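K.L.:
Contents of model04.txt (compact mmCIF, C-alpha atoms and all ligand atoms) are given next:
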```
# COMPACT_ATOMS: atom_id res chain seq x y z
CA MET A 269 -8.97 -14.17 27.93
CA ILE A 270 -9.94 -17.14 25.80
CA ILE A 271 -7.22 -19.70 25.12
CA ALA A 272 -7.89 -21.34 21.73
CA ARG A 273 -5.92 -24.52 21.08
CA THR A 274 -7.66 -25.55 17.85
CA ILE A 275 -8.71 -23.72 14.69
CA ASP A 276 -12.38 -24.34 15.62
CA GLU A 277 -11.88 -22.84 19.06
CA LEU A 278 -10.18 -19.83 17.48
CA GLN A 279 -13.03 -19.31 15.00
CA GLU A 280 -15.60 -19.65 17.80
CA ALA A 281 -13.74 -17.13 19.98
CA LYS A 282 -13.38 -14.71 17.04
CA ASN A 283 -17.15 -14.82 16.51
CA THR A 284 -17.53 -13.04 19.86
CA LEU A 285 -15.37 -10.09 18.72
CA LEU A 286 -16.66 -6.85 17.22
CA GLY A 287 -14.38 -4.28 15.59
CA SER A 288 -10.73 -4.14 14.60
CA ILE A 289 -8.34 -6.98 15.42
CA GLY A 290 -4.71 -6.42 16.32
CA PHE A 291 -2.55 -9.52 16.02
CA VAL A 292 0.85 -10.37 17.50
CA PRO A 293 2.29 -13.69 16.32
CA THR A 294 5.03 -15.12 18.55
CA MET A 295 6.91 -18.31 19.28
CA GLY A 296 6.41 -17.79 23.03
CA ALA A 297 9.02 -17.34 25.79
CA LEU A 298 7.58 -13.83 25.92
CA HIS A 299 9.84 -10.98 27.01
CA GLU A 300 9.66 -7.16 27.07
CA GLY A 301 10.24 -7.10 23.29
CA HIS A 302 7.04 -9.08 22.68
CA LEU A 303 5.27 -7.04 25.36
CA SER A 304 6.04 -3.81 23.53
CA LEU A 305 4.30 -5.25 20.43
CA ILE A 306 1.39 -6.50 22.54
CA ARG A 307 0.98 -3.11 24.28
CA LYS A 308 1.05 -1.24 20.96
CA ALA A 309 -1.47 -3.66 19.44
CA ARG A 310 -3.68 -3.33 22.55
CA GLU A 311 -3.66 0.48 22.22
CA GLU A 312 -4.38 0.58 18.50
CA ASN A 313 -7.15 -2.03 18.18
CA GLU A 314 -10.49 -2.92 19.71
CA ASN A 315 -9.51 -6.59 19.98
CA LEU A 316 -6.19 -8.31 20.47
CA ILE A 317 -5.14 -11.80 19.42
CA VAL A 318 -1.71 -13.21 20.30
CA SER A 319 -0.46 -16.53 18.96
CA ILE A 320 2.19 -18.77 20.47
CA PHE A 321 3.39 -21.40 18.05
CA VAL A 322 6.94 -22.71 17.75
CA ASN A 323 6.78 -23.23 14.02
CA PRO A 324 8.76 -26.32 12.97
CA THR A 325 8.97 -25.39 9.29
CA GLN A 326 11.17 -22.36 9.94
CA PHE A 327 13.82 -24.36 11.81
CA LEU A 328 16.48 -26.09 9.71
CA ASP A 329 17.83 -29.56 10.48
CA GLY A 330 20.21 -29.28 13.42
CA GLU A 331 18.74 -25.98 14.65
CA ASP A 332 17.34 -25.50 18.14
CA LEU A 333 13.66 -26.52 17.55
CA ASP A 334 13.64 -29.11 20.37
CA LYS A 335 15.53 -26.82 22.69
CA TYR A 336 13.66 -23.62 21.81
CA PRO A 337 12.59 -22.14 25.18
CA ARG A 338 8.96 -23.00 26.06
CA LYS A 339 7.28 -21.19 28.92
CA ASP A 340 3.57 -21.73 28.32
CA GLU A 341 2.42 -21.11 31.88
CA ALA A 342 4.32 -17.83 32.28
CA ASP A 343 3.29 -16.76 28.75
CA ILE A 344 -0.40 -17.33 29.53
CA LYS A 345 -0.09 -15.18 32.68
CA ILE A 346 1.69 -12.42 30.75
CA CYS A 347 -1.03 -12.40 28.08
CA GLN A 348 -3.77 -12.29 30.72
CA LEU A 349 -2.09 -9.32 32.43
CA ALA A 350 -1.68 -7.59 29.06
CA SER A 351 -5.46 -7.85 28.40
CA VAL A 352 -5.15 -10.15 25.41
CA ASP A 353 -8.64 -11.22 24.22
CA ILE A 354 -7.66 -14.47 22.50
CA LEU A 355 -4.47 -16.45 22.95
CA PHE A 356 -4.07 -18.95 20.10
CA MET A 357 -1.80 -21.88 21.04
CA PRO A 358 -2.26 -24.54 18.37
CA ALA A 359 -0.57 -27.95 18.21
CA ILE A 360 1.49 -28.64 15.08
CA SER A 361 -1.25 -30.99 13.79
CA GLN A 362 -3.70 -28.05 13.77
CA MET A 363 -1.45 -25.96 11.56
CA TYR A 364 -0.01 -28.42 9.03
CA GLU A 365 -1.26 -31.12 6.67
CA ARG A 366 1.08 -33.77 5.30
CA ASP A 367 1.40 -32.48 1.75
CA GLU A 368 1.33 -28.73 1.90
CA LEU A 369 1.24 -26.00 -0.66
CA CYS A 370 4.43 -24.05 -0.02
CA ILE A 371 5.29 -20.38 -0.18
CA GLY A 372 8.80 -19.55 -1.33
CA ALA A 373 10.83 -16.56 -0.20
CA PRO A 374 11.98 -14.33 -3.10
CA MET A 375 15.11 -15.76 -4.74
CA ILE A 376 17.28 -12.70 -4.08
CA SER A 377 16.21 -10.90 -0.91
CA GLY A 378 15.12 -14.20 0.68
CA TYR A 379 18.52 -15.83 0.20
CA VAL A 380 20.99 -13.22 1.40
CA LEU A 381 22.14 -12.63 5.00
CA GLU A 382 19.75 -14.60 7.26
CA GLY A 383 18.50 -16.44 4.18
CA ALA A 384 22.05 -17.41 3.20
CA SER A 385 22.90 -18.56 6.74
CA ARG A 386 19.57 -20.35 7.14
CA PRO A 387 18.42 -21.40 3.63
CA GLY A 388 14.75 -22.39 3.72
CA HIS A 389 14.08 -20.59 7.02
CA PHE A 390 12.13 -17.79 5.37
CA ASP A 391 9.97 -20.21 3.33
CA GLY A 392 8.73 -21.80 6.56
CA MET A 393 8.38 -18.44 8.29
CA LEU A 394 6.30 -16.96 5.44
CA GLN A 395 4.18 -20.12 5.24
CA VAL A 396 3.18 -19.92 8.90
CA VAL A 397 2.73 -16.14 8.90
CA MET A 398 0.38 -16.45 5.90
CA LYS A 399 -1.64 -19.07 7.80
CA LEU A 400 -1.66 -17.06 11.03
CA LEU A 401 -2.62 -13.78 9.35
CA ASN A 402 -5.52 -15.50 7.58
CA LEU A 403 -6.66 -17.32 10.72
CA SER A 404 -6.49 -14.21 12.89
CA GLY A 405 -8.51 -12.03 10.51
CA ALA A 406 -6.23 -9.23 11.70
CA THR A 407 -6.70 -5.62 10.67
CA LYS A 408 -3.15 -4.86 11.83
CA ALA A 409 -0.30 -7.26 12.65
CA TYR A 410 2.77 -6.29 14.66
CA PHE A 411 6.36 -7.43 14.03
CA GLY A 412 9.68 -6.36 15.56
CA LYS A 413 12.40 -4.58 13.59
CA LYS A 414 14.97 -6.87 15.23
CA ASP A 415 14.11 -9.49 12.61
CA ALA A 416 14.52 -6.87 9.91
CA GLN A 417 14.69 -9.25 6.97
CA GLN A 418 11.70 -11.25 8.26
CA LEU A 419 9.75 -8.01 8.56
CA ALA A 420 10.69 -6.89 5.02
CA LEU A 421 9.68 -10.26 3.55
CA ILE A 422 6.35 -10.29 5.40
CA MET A 423 5.64 -6.78 4.08
CA GLN A 424 6.50 -8.01 0.58
CA MET A 425 4.23 -11.06 0.97
CA VAL A 426 1.36 -8.79 2.00
CA ARG A 427 1.98 -6.64 -1.11
CA ASP A 428 2.59 -9.53 -3.54
CA TYR A 429 -0.44 -11.57 -2.38
CA PHE A 430 -2.71 -8.54 -1.85
CA LEU A 431 -3.38 -9.51 1.77
CA ASP A 432 -5.81 -7.19 3.51
CA VAL A 433 -3.79 -6.46 6.63
CA GLU A 434 -1.53 -3.61 7.72
CA ILE A 435 1.91 -4.68 8.95
CA VAL A 436 3.14 -2.47 11.79
CA PRO A 437 6.94 -2.45 12.33
CA CYS A 438 7.95 -2.02 15.99
CA ASP A 439 11.24 -0.76 17.43
CA ILE A 440 13.85 -3.06 18.95
CA VAL A 441 13.68 -3.26 22.76
CA ARG A 442 17.05 -3.35 24.53
CA GLU A 443 18.31 -4.02 28.03
CA SER A 444 19.90 -0.93 29.63
CA SER A 445 23.26 -2.50 28.65
CA GLY A 446 22.24 -2.21 24.98
CA LEU A 447 21.67 -5.96 24.44
CA ALA A 448 18.69 -6.47 22.13
CA LEU A 449 16.05 -8.64 23.82
CA SER A 450 15.70 -12.14 22.39
CA SER A 451 14.20 -15.40 23.61
CA ARG A 452 17.61 -16.94 22.92
CA ASN A 453 19.38 -14.65 25.45
CA VAL A 454 18.40 -17.17 28.18
CA TYR A 455 21.16 -19.44 26.84
CA LEU A 456 23.87 -16.83 27.57
CA SER A 457 26.06 -17.24 30.66
CA THR A 458 27.01 -14.07 32.56
CA GLU A 459 30.37 -13.98 30.77
CA GLU A 460 28.76 -14.57 27.36
CA LYS A 461 26.19 -11.86 28.02
CA ILE A 462 29.04 -9.39 28.43
CA ARG A 463 30.65 -10.53 25.17
CA ALA A 464 27.24 -10.40 23.45
CA LEU A 465 27.21 -6.65 24.07
CA ALA A 466 29.70 -6.41 21.20
CA LEU A 467 26.78 -6.63 18.76
CA SER A 468 25.01 -3.50 20.02
CA LYS A 469 28.34 -1.76 20.69
CA SER A 470 29.42 -2.33 17.09
CA LEU A 471 26.14 -0.84 15.87
CA GLN A 472 26.57 2.09 18.23
CA LYS A 473 30.06 2.61 16.81
CA ALA A 474 28.61 2.56 13.29
CA THR A 475 26.04 5.17 14.32
CA ASN A 476 28.75 7.40 15.79
CA LEU A 477 30.86 7.08 12.65
CA ILE A 478 27.89 7.99 10.46
CA ILE A 479 27.08 10.99 12.68
CA SER A 480 30.68 12.13 12.29
CA GLY A 481 30.31 11.96 8.48
CA GLU A 482 31.80 8.53 7.68
CA LEU A 483 29.52 6.91 5.07
CA ASP A 484 31.92 4.40 3.51
CA SER A 485 30.51 0.91 4.18
CA ALA A 486 33.89 -0.89 4.10
CA GLN A 487 35.36 1.51 6.65
CA ILE A 488 32.34 1.25 8.97
CA LYS A 489 32.28 -2.55 8.71
CA ALA A 490 36.03 -2.79 9.47
CA GLU A 491 35.56 -0.83 12.70
CA MET A 492 32.55 -2.95 13.64
CA VAL A 493 34.46 -6.21 13.06
CA GLU A 494 37.18 -4.98 15.41
CA ILE A 495 34.62 -4.54 18.21
CA LEU A 496 33.11 -7.93 17.36
CA SER A 497 36.45 -9.73 17.84
CA VAL A 498 35.25 -10.89 21.31
CA VAL A 499 32.35 -13.02 19.97
CA ASP A 500 32.87 -16.66 19.03
CA GLU A 501 32.05 -16.24 15.34
CA VAL A 502 30.81 -13.34 13.26
CA GLU A 503 28.44 -14.65 10.60
CA TYR A 504 27.92 -11.37 8.83
CA VAL A 505 28.21 -7.63 9.16
CA ALA A 506 26.26 -5.98 6.36
CA ILE A 507 25.21 -2.55 5.23
CA VAL A 508 22.20 -2.77 2.96
CA ASP A 509 19.44 -0.63 1.54
CA ARG A 510 15.85 -1.27 2.59
CA THR A 511 15.53 -3.97 -0.12
CA PHE A 512 18.56 -5.81 1.24
CA ASN A 513 21.04 -4.95 -1.51
CA GLU A 514 24.53 -4.40 -0.11
CA ILE A 515 25.61 -0.77 -0.59
CA ASP A 516 29.08 0.79 -0.71
CA LYS A 517 27.95 4.03 0.90
CA VAL A 518 25.40 4.54 3.67
CA GLU A 519 22.34 6.39 2.39
CA ILE A 520 20.80 8.10 5.39
CA GLY A 521 17.07 7.30 5.53
CA ASN A 522 17.41 4.21 3.34
CA SER A 523 20.01 1.97 5.00
CA MET A 524 20.22 -0.77 7.57
CA ILE A 525 23.28 -2.13 9.32
CA LEU A 526 22.92 -5.74 10.36
CA VAL A 527 25.02 -8.15 12.34
CA ALA A 528 24.74 -11.86 13.14
CA ALA A 529 27.17 -13.61 15.48
CA TRP A 530 27.54 -16.67 17.67
CA VAL A 531 28.20 -16.17 21.38
CA GLY A 532 28.32 -19.49 23.21
CA LYS A 533 25.28 -21.56 22.22
CA PRO A 534 23.01 -18.94 20.67
CA ARG A 535 23.27 -17.22 17.35
CA LEU A 536 22.34 -13.57 17.93
CA ILE A 537 21.23 -10.89 15.50
CA ASP A 538 20.91 -7.14 15.84
CA ASN A 539 20.52 -4.14 13.54
CA ILE A 540 19.96 -0.43 13.26
CA TRP A 541 17.96 1.44 10.67
CA VAL A 542 19.88 4.50 9.50
O1 LIG A 601 9.51 -13.81 14.84
C1 LIG A 601 8.94 -14.86 15.23
O2 LIG A 601 8.78 -15.09 16.43
C2 LIG A 601 8.47 -15.88 14.22
O3 LIG A 601 9.32 -15.92 13.12
C3 LIG A 601 7.02 -15.67 13.77
C4 LIG A 601 6.85 -14.34 13.05
C5 LIG A 601 6.10 -15.72 14.97
C6 LIG A 601 6.60 -16.79 12.81
O4 LIG A 601 6.75 -18.05 13.39
```
Could you express the structure from this file as structure tokens?
Ligand code: PAF

P.N.:
Amino acid sequence: MIIARTIDELQEAKNTLLGSIGFVPTMGALHEGHLSLIRKAREENENLIVSIFVNPTQFLDGEDLDKYPRKDEADIKICQLASVDILFMPAISQMYERDELCIGAPMISGYVLEGASRPGHFDGMLQVVMKLLNLSGATKAYFGKKDAQQLALIMQMVRDYFLDVEIVPCDIVRESSGLALSSRNVYLSTEEKIRALALSKSLQKATNLIISGELDSAQIKAEMVEILSVVDEVEYVAIVDRTFNEIDKVEIGNSMILVAAWVGKPRLIDNIWV
């Protein structure tokens, strides 16, 4: 595995590759969720590039940029074991100039839910993903469904800017308890981890209600909020269509149920696609 820390090193390493390139962008602190993307990308492509870059422009003032978990040594080992061809780990100075051209998230779907809680987050996320996709020269790039709105916006950016890359959505990976894997789970104490299960339990409840024929969004959300009463703060519970418009009735095959909540230090998100 080649570790490229500069754009030049990345370009040089890419020159040695022949054939399709699968790309998995990450912010490091790799866990089974990332590994499932890496394994899928490994299977589906001749070459595999992974990036680890904690992107400052997608963190808002007061968010956990400085405290974001960094585990470079372990991450490098994981990538080696997963047969990654190139691991791109740039410094911030490699990725950003002082006066940058900016990409803006769409004014509606970029500013609801996660975009409303974290205004500006998606601008920075799209900016770095555009850079990383271009730098990687990827044929296919892999993103988790856990960040459902991020995934939808990246797919839109690829469409709107005619980028020549296929975005591959990948399923959420969960602990056996149901907790969706996240780099931020390391901040949870044992007691908080138990309370954090309310997120996946509320989504499971929603699934059961839908299976039993309940499609009314208000009713489903009310039952979810009851289960979520054990978390410290519920930021949102939303039932939306695949373009992130809130809907009054679940449309099977075209809906997502999303939840964001604070448990102790971390803000957690989870969702199901119905
Ligand atoms: O999902 C993430 O880890 C990040 O938002 C991404 C896509 C790597 C961009 O920094």

K.L.:
Ligand LIG 601 (chain A): which residues are within 10 Å, counting all atoms listed in the file, as JSON, numbers by chain?

P.N.:
{"A": [292, 293, 294, 295, 296, 297, 298, 302, 318, 319, 320, 321, 322, 323, 324, 325, 326, 327, 389, 390, 392, 393, 394, 395, 396, 397, 398, 399, 400, 410, 411, 412, 413, 414, 415, 416, 418, 419, 422, 450, 451]}

K.L.:
Using C-alpha atoms, can you export the residues from the last selection as a CSV table (one decimal), in the frame of the given file?

P.N.:
```
chain,number,residue,atom,x,y,z
A,292,VAL,CA,0.8,-10.4,17.5
A,293,PRO,CA,2.3,-13.7,16.3
A,294,THR,CA,5.0,-15.1,18.6
A,295,MET,CA,6.9,-18.3,19.3
A,296,GLY,CA,6.4,-17.8,23.0
A,297,ALA,CA,9.0,-17.3,25.8
A,298,LEU,CA,7.6,-13.8,25.9
A,302,HIS,CA,7.0,-9.1,22.7
A,318,VAL,CA,-1.7,-13.2,20.3
A,319,SER,CA,-0.5,-16.5,19.0
A,320,ILE,CA,2.2,-18.8,20.5
A,321,PHE,CA,3.4,-21.4,18.0
A,322,VAL,CA,6.9,-22.7,17.8
A,323,ASN,CA,6.8,-23.2,14.0
A,324,PRO,CA,8.8,-26.3,13.0
A,325,THR,CA,9.0,-25.4,9.3
A,326,GLN,CA,11.2,-22.4,9.9
A,327,PHE,CA,13.8,-24.4,11.8
A,389,HIS,CA,14.1,-20.6,7.0
A,390,PHE,CA,12.1,-17.8,5.4
A,392,GLY,CA,8.7,-21.8,6.6
A,393,MET,CA,8.4,-18.4,8.3
A,394,LEU,CA,6.3,-17.0,5.4
A,395,GLN,CA,4.2,-20.1,5.2
A,396,VAL,CA,3.2,-19.9,8.9
A,397,VAL,CA,2.7,-16.1,8.9
A,398,MET,CA,0.4,-16.4,5.9
A,399,LYS,CA,-1.6,-19.1,7.8
A,400,LEU,CA,-1.7,-17.1,11.0
A,410,TYR,CA,2.8,-6.3,14.7
A,411,PHE,CA,6.4,-7.4,14.0
A,412,GLY,CA,9.7,-6.4,15.6
A,413,LYS,CA,12.4,-4.6,13.6
A,414,LYS,CA,15.0,-6.9,15.2
A,415,ASP,CA,14.1,-9.5,12.6
A,416,ALA,CA,14.5,-6.9,9.9
A,418,GLN,CA,11.7,-11.2,8.3
A,419,LEU,CA,9.8,-8.0,8.6
A,422,ILE,CA,6.4,-10.3,5.4
A,450,SER,CA,15.7,-12.1,22.4
A,451,SER,CA,14.2,-15.4,23.6
```

K.L.:
Which one of A:Pro437, A:Gly481, A:Gly446, A:Gly383 sits closest to Ala528 of chain A if you count all atoms listed in the file?

P.N.:
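Looking only at the distances to Ala528 of chain A, the closest residue turns out to be A:Gly383.
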
K.L.:
Between atom CA of Asp538 of chain A and atom CA of Val508 of chain A, what distance in Å does the model show, to one decimal?

P.N.:
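Atom-to-atom, atom CA of Asp538 of chain A and atom CA of Val508 of chain A are spaced 13.7 Å apart.
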
K.L.:
Quick one: axis-aligned box around all listed atoms of segment 487-499 of chain A, 8 Å on every side, centre and edge lengths in Å to one decimal, written as JSON.

P.N.:
```
{"center_x": 34.7, "center_y": -5.8, "center_z": 14.0, "size_x": 20.9, "size_y": 30.5, "size_z": 30.7}
```

K.L.:
Taking (25.7, -17.4, 14.1) as a centre in this file's frame and 10 Å as the limit, can you find every polymer residue with an atom that close, using all atoms listed in the file, and give them as JSON, numbers by chain?

P.N.:
{"A": [382, 385, 386, 499, 500, 501, 502, 503, 504, 527, 528, 529, 530, 531, 532, 533, 534, 535, 536, 537]}

K.L.:
Starting from the point (13.6, 5.1, 3.7), work out which residues of protein, DNA or RNA have an atom no more than 12 Å away when counting all atoms listed in the file; state them as a list of chain:residue names.

P.N.:
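Here is the list of nearby residues: A:Val508, A:Asp509, A:Arg510, A:Thr511, A:Val518, A:Glu519, A:Ile520, A:Gly521, A:Asn522, A:Ser523, A:Met524, A:Trp541, A:Val542.
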
K.L.:
Would you please work out which residue, of A:Leu421, A:Val380, A:Ile271, A:Leu286, is nearest to Glu341 of chain A when using only C-alpha atoms?

P.N.:
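Looking only at the distances to Glu341 of chain A, the closest residue turns out to be A:Ile271.
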